[in-house]
Amino acid sequence: MKYKSGMTILELMTVIGIVAILAAIGIPNYISWLPKYRVGTAIRQLYTEMHLVKMNAIAENNNYIITFDTTANSYSIYDDDDNDGADVADLVKTIVVGESAPNIIFGSVTFTGTPPRVTFKPTSLSNKNGTVEFLPAGDTSKLKKLTVLLTGRIRMY
């Protein structure tokens with residue numbers, strides 16, 4: 001029996017079989033690619049935020065501070081216009097890494113301080129060198145890093 005489209009049931013079943021085979025090949029590849037994409041999303045977001053913080057420090061002629069909370073998997077940005085350090089009144093925003101990149105966590109943060117922090121000065125310099133790493137929970141093979149130098153250079157790799 002033919003349908004109005006002129007396709008037989010045998011042809012329809014063949015097309016469904018081909019689509020099923022392609023899905024069986026494609027879905028595992030997509031699932032294995034997803035953590036690497038999410039790590040890249042998290043590191044690019046931090047990279048962008050750091051550049052914005054650095055530009056704001058220059059434009060507003062005051063310090064900006066980024067603090068890292070590895071237990072809460074977040075980082076906070078402070079506009080330190082009174083130069084008294086990062087306090088609640090100076091909080092600009094807090095970014096939770098898992099909201100934009102699910103299952104991505106901090107690998108390590110080498111900035112010193114409690115909590116770990118870096119300050120960008122109006123001269124575009126930072127107050128210390130350091131590294132931030134992101135990785136999928138339980139998978140160190142897809143690790144991404146971001147470094148900050150005293151010169152204020154921010155590098156992602």
# chains A, B, ... in the order shown; residues from 1 in each chain; ligands from 1
call {"tool": "select_by_dssp", "arguments": {"residues": "region 67-143 of chain A", "states": "helix (DSSP H, G or I)", "output": "ChimeraX atom specification"}}
result
/A:88-90,97-100,140-142
call {"tool": "residues_around", "arguments": {"residues": "Leu46 (chain A)", "least_positions_apart": "2", "cutoff": "12 Å", "atoms": "only C-alpha atoms", "output": "ChimeraX atom specification"}}
result
/A:39-44,48-53,66-68,74-77,94-97,100-101,106,131-134,144-148,154-156
call {"tool": "write_last_selection", "arguments": {"atoms": "N, CA and C atoms", "output": "mmCIF file, in the first residue's frame"}}
result
data_model
loop_
_atom_site.group_PDB
_atom_site.id
_atom_site.type_symbol
_atom_site.label_atom_id
_atom_site.label_comp_id
_atom_site.auth_asym_id
_atom_site.auth_seq_id
_atom_site.Cartn_x
_atom_site.Cartn_y
_atom_site.Cartn_z
ATOM 1 N N VAL A 39 33.869 23.511 29.891
ATOM 2 C CA VAL A 39 35.091 24.051 30.491
ATOM 3 C C VAL A 39 35.518 25.308 29.735
ATOM 4 N N GLY A 40 35.439 25.250 28.428
ATOM 5 C CA GLY A 40 35.777 26.420 27.611
ATOM 6 C C GLY A 40 34.857 27.598 27.895
ATOM 7 N N THR A 41 33.579 27.317 28.096
ATOM 8 C CA THR A 41 32.620 28.371 28.432
ATOM 9 C C THR A 41 32.985 29.035 29.752
ATOM 10 N N ALA A 42 33.304 28.243 30.764
ATOM 11 C CA ALA A 42 33.634 28.779 32.083
ATOM 12 C C ALA A 42 34.906 29.616 32.044
ATOM 13 N N ILE A 43 35.937 29.146 31.351
ATOM 14 C CA ILE A 43 37.204 29.869 31.324
ATOM 15 C C ILE A 43 37.075 31.150 30.501
ATOM 16 N N ARG A 44 36.307 31.108 29.412
ATOM 17 C CA ARG A 44 36.092 32.321 28.609
ATOM 18 C C ARG A 44 35.294 33.366 29.384
ATOM 19 N N THR A 48 36.755 37.043 30.194
ATOM 20 C CA THR A 48 36.011 38.255 29.839
ATOM 21 C C THR A 48 35.783 39.140 31.057
ATOM 22 N N GLU A 49 35.380 38.531 32.158
ATOM 23 C CA GLU A 49 35.142 39.303 33.388
ATOM 24 C C GLU A 49 36.424 39.980 33.855
ATOM 25 N N MET A 50 37.546 39.282 33.779
ATOM 26 C CA MET A 50 38.814 39.875 34.211
ATOM 27 C C MET A 50 39.200 41.066 33.339
ATOM 28 N N HIS A 51 38.982 40.946 32.038
ATOM 29 C CA HIS A 51 39.291 42.076 31.156
ATOM 30 C C HIS A 51 38.379 43.263 31.452
ATOM 31 N N LEU A 52 37.108 43.010 31.711
ATOM 32 C CA LEU A 52 36.186 44.099 32.061
ATOM 33 C C LEU A 52 36.600 44.764 33.369
ATOM 34 N N VAL A 53 36.988 43.949 34.343
ATOM 35 C CA VAL A 53 37.439 44.476 35.631
ATOM 36 C C VAL A 53 38.680 45.351 35.432
ATOM 37 N N ILE A 66 38.947 40.641 42.474
ATOM 38 C CA ILE A 66 38.216 39.404 42.186
ATOM 39 C C ILE A 66 38.628 38.395 43.251
ATOM 40 N N THR A 67 37.644 37.857 43.974
ATOM 41 C CA THR A 67 37.910 36.822 44.977
ATOM 42 C C THR A 67 37.340 35.503 44.480
ATOM 43 N N PHE A 68 37.974 34.404 44.851
ATOM 44 C CA PHE A 68 37.574 33.074 44.409
ATOM 45 C C PHE A 68 37.144 32.239 45.604
ATOM 46 N N SER A 74 32.461 29.586 42.973
ATOM 47 C CA SER A 74 32.065 30.908 42.489
ATOM 48 C C SER A 74 33.222 31.895 42.642
ATOM 49 N N TYR A 75 33.061 33.041 41.991
ATOM 50 C CA TYR A 75 33.995 34.144 42.180
ATOM 51 C C TYR A 75 33.199 35.441 42.220
ATOM 52 N N SER A 76 33.724 36.408 42.969
ATOM 53 C CA SER A 76 33.025 37.675 43.167
ATOM 54 C C SER A 76 33.902 38.831 42.723
ATOM 55 N N ILE A 77 33.243 39.869 42.225
ATOM 56 C CA ILE A 77 33.923 41.067 41.744
ATOM 57 C C ILE A 77 33.539 42.234 42.654
ATOM 58 N N THR A 94 28.484 38.349 41.844
ATOM 59 C CA THR A 94 29.058 37.028 42.106
ATOM 60 C C THR A 94 28.632 36.106 40.984
ATOM 61 N N ILE A 95 29.587 35.382 40.436
ATOM 62 C CA ILE A 95 29.315 34.444 39.346
ATOM 63 C C ILE A 95 29.511 33.030 39.879
ATOM 64 N N VAL A 96 28.465 32.216 39.775
ATOM 65 C CA VAL A 96 28.544 30.807 40.150
ATOM 66 C C VAL A 96 28.877 30.035 38.878
ATOM 67 N N VAL A 97 29.993 29.357 38.887
ATOM 68 C CA VAL A 97 30.503 28.687 37.687
ATOM 69 C C VAL A 97 29.499 27.669 37.149
ATOM 70 N N SER A 100 26.414 28.700 34.411
ATOM 71 C CA SER A 100 26.623 28.810 32.967
ATOM 72 C C SER A 100 27.352 27.607 32.390
ATOM 73 N N ALA A 101 27.988 26.826 33.246
ATOM 74 C CA ALA A 101 28.746 25.656 32.802
ATOM 75 C C ALA A 101 28.513 24.519 33.796
ATOM 76 N N PHE A 106 36.355 24.365 39.990
ATOM 77 C CA PHE A 106 37.718 24.867 40.054
ATOM 78 C C PHE A 106 38.660 23.678 40.222
ATOM 79 N N THR A 131 47.133 31.678 38.944
ATOM 80 C CA THR A 131 46.498 30.824 37.952
ATOM 81 C C THR A 131 45.166 30.320 38.483
ATOM 82 N N VAL A 132 44.199 30.205 37.593
ATOM 83 C CA VAL A 132 42.903 29.602 37.905
ATOM 84 C C VAL A 132 42.703 28.463 36.917
ATOM 85 N N GLU A 133 42.296 27.306 37.415
ATOM 86 C CA GLU A 133 42.029 26.148 36.558
ATOM 87 C C GLU A 133 40.568 25.742 36.701
ATOM 88 N N PHE A 134 39.971 25.355 35.585
ATOM 89 C CA PHE A 134 38.635 24.769 35.572
ATOM 90 C C PHE A 134 38.714 23.390 34.943
ATOM 91 N N LYS A 144 41.362 23.454 31.733
ATOM 92 C CA LYS A 144 41.703 24.724 31.084
ATOM 93 C C LYS A 144 42.241 25.667 32.147
ATOM 94 N N LYS A 145 43.209 26.513 31.774
ATOM 95 C CA LYS A 145 43.863 27.423 32.711
ATOM 96 C C LYS A 145 43.752 28.860 32.246
ATOM 97 N N LEU A 146 43.811 29.749 33.247
ATOM 98 C CA LEU A 146 43.894 31.173 33.004
ATOM 99 C C LEU A 146 44.972 31.716 33.937
ATOM 100 N N THR A 147 45.902 32.485 33.402
ATOM 101 C CA THR A 147 46.955 33.060 34.232
ATOM 102 C C THR A 147 46.864 34.577 34.202
ATOM 103 N N VAL A 148 47.273 35.171 35.305
ATOM 104 C CA VAL A 148 47.378 36.627 35.419
ATOM 105 C C VAL A 148 48.799 36.934 35.863
ATOM 106 N N ILE A 154 46.485 38.910 30.976
ATOM 107 C CA ILE A 154 45.597 37.786 31.279
ATOM 108 C C ILE A 154 45.685 36.835 30.086
ATOM 109 N N ARG A 155 45.997 35.569 30.373
ATOM 110 C CA ARG A 155 46.190 34.602 29.291
ATOM 111 C C ARG A 155 45.396 33.344 29.585
ATOM 112 N N MET A 156 44.764 32.837 28.561
ATOM 113 C CA MET A 156 43.923 31.644 28.687
ATOM 114 C C MET A 156 44.531 30.547 27.830
#
call {"tool": "atom_distance", "arguments": {"atom1": "CA of Thr112 (chain A)", "atom2": "CA of Lys128 (chain A)"}}
result
8.3 Å
call {"tool": "atom_distance", "arguments": {"atom1": "CA of Tyr37 (chain A)", "atom2": "CA of Asn103 (chain A)"}}
result
11.5 Å
call {"tool": "atom_distance", "arguments": {"atom1": "CA of Phe111 (chain A)", "atom2": "CA of Asp80 (chain A)"}}
result
18.2 Å
call {"tool": "select_by_dssp", "arguments": {"residues": "region 1-131 of chain A", "states": "strand (DSSP E or B)", "output": "PyMOL selection string"}}
result
chain A and resi 63-69+74-80+91-96+104-109+117-120+126+130-131
call {"tool": "write_last_selection", "arguments": {"atoms": "N, CA and C atoms", "output": "compact mmCIF listing (two decimals), in the first residue's frame"}}
result
# COMPACT_ATOMS: atom_id res chain seq x y z
N ASN A 63 40.81 50.60 42.44
CA ASN A 63 41.07 49.16 42.40
C ASN A 63 39.78 48.36 42.20
N TYR A 64 39.93 47.23 41.51
CA TYR A 64 38.88 46.22 41.41
C TYR A 64 39.48 44.91 41.89
N ILE A 65 38.71 44.16 42.65
CA ILE A 65 39.19 42.92 43.26
C ILE A 65 38.31 41.77 42.80
N ILE A 66 38.95 40.64 42.47
CA ILE A 66 38.22 39.40 42.19
C ILE A 66 38.63 38.40 43.25
N THR A 67 37.64 37.86 43.97
CA THR A 67 37.91 36.82 44.98
C THR A 67 37.34 35.50 44.48
N PHE A 68 37.97 34.40 44.85
CA PHE A 68 37.57 33.07 44.41
C PHE A 68 37.14 32.24 45.60
N ASP A 69 35.97 31.64 45.50
CA ASP A 69 35.46 30.73 46.55
C ASP A 69 35.36 29.34 45.92
N SER A 74 32.46 29.59 42.97
CA SER A 74 32.06 30.91 42.49
C SER A 74 33.22 31.89 42.64
N TYR A 75 33.06 33.04 41.99
CA TYR A 75 33.99 34.14 42.18
C TYR A 75 33.20 35.44 42.22
N SER A 76 33.72 36.41 42.97
CA SER A 76 33.02 37.67 43.17
C SER A 76 33.90 38.83 42.72
N ILE A 77 33.24 39.87 42.22
CA ILE A 77 33.92 41.07 41.74
C ILE A 77 33.54 42.23 42.65
N TYR A 78 34.56 42.98 43.09
CA TYR A 78 34.36 44.10 43.99
C TYR A 78 34.94 45.37 43.38
N ASP A 79 34.19 46.47 43.47
CA ASP A 79 34.65 47.79 43.06
C ASP A 79 35.16 48.49 44.31
N ASP A 80 36.46 48.44 44.52
CA ASP A 80 37.06 48.96 45.75
C ASP A 80 37.35 50.45 45.62
N LEU A 91 30.63 45.02 46.65
CA LEU A 91 30.30 43.88 45.78
C LEU A 91 29.57 44.33 44.52
N VAL A 92 30.10 43.97 43.36
CA VAL A 92 29.46 44.26 42.08
C VAL A 92 28.60 43.08 41.66
N LYS A 93 29.20 41.89 41.66
CA LYS A 93 28.45 40.68 41.33
C LYS A 93 29.23 39.44 41.72
N THR A 94 28.48 38.35 41.84
CA THR A 94 29.06 37.03 42.11
C THR A 94 28.63 36.11 40.98
N ILE A 95 29.59 35.38 40.44
CA ILE A 95 29.31 34.44 39.35
C ILE A 95 29.51 33.03 39.88
N VAL A 96 28.46 32.22 39.78
CA VAL A 96 28.54 30.81 40.15
C VAL A 96 28.88 30.04 38.88
N ILE A 104 31.11 21.91 36.01
CA ILE A 104 32.46 22.42 35.91
C ILE A 104 32.85 22.99 37.27
N ILE A 105 34.06 22.65 37.71
CA ILE A 105 34.53 23.07 39.03
C ILE A 105 35.93 23.69 38.92
N PHE A 106 36.35 24.37 39.99
CA PHE A 106 37.72 24.87 40.05
C PHE A 106 38.66 23.68 40.22
N GLY A 107 39.75 23.67 39.45
CA GLY A 107 40.79 22.69 39.65
C GLY A 107 41.70 23.16 40.76
N SER A 108 42.27 24.34 40.57
CA SER A 108 43.07 24.98 41.62
C SER A 108 43.09 26.47 41.35
N VAL A 109 43.33 27.22 42.41
CA VAL A 109 43.49 28.67 42.33
C VAL A 109 44.77 28.99 43.09
N ARG A 117 42.55 35.89 46.01
CA ARG A 117 42.10 37.10 45.33
C ARG A 117 43.19 37.70 44.48
N VAL A 118 42.76 38.53 43.53
CA VAL A 118 43.67 39.33 42.72
C VAL A 118 43.05 40.72 42.60
N THR A 119 43.90 41.72 42.65
CA THR A 119 43.45 43.11 42.54
C THR A 119 44.01 43.71 41.26
N PHE A 120 43.14 44.35 40.49
CA PHE A 120 43.57 45.10 39.31
C PHE A 120 43.58 46.57 39.69
N SER A 126 48.28 44.12 37.91
CA SER A 126 47.65 43.34 38.98
C SER A 126 48.60 43.33 40.17
N GLY A 130 49.13 34.70 39.34
CA GLY A 130 48.33 33.57 39.79
C GLY A 130 47.69 32.84 38.62
N THR A 131 47.13 31.68 38.94
CA THR A 131 46.50 30.82 37.95
C THR A 131 45.17 30.32 38.48
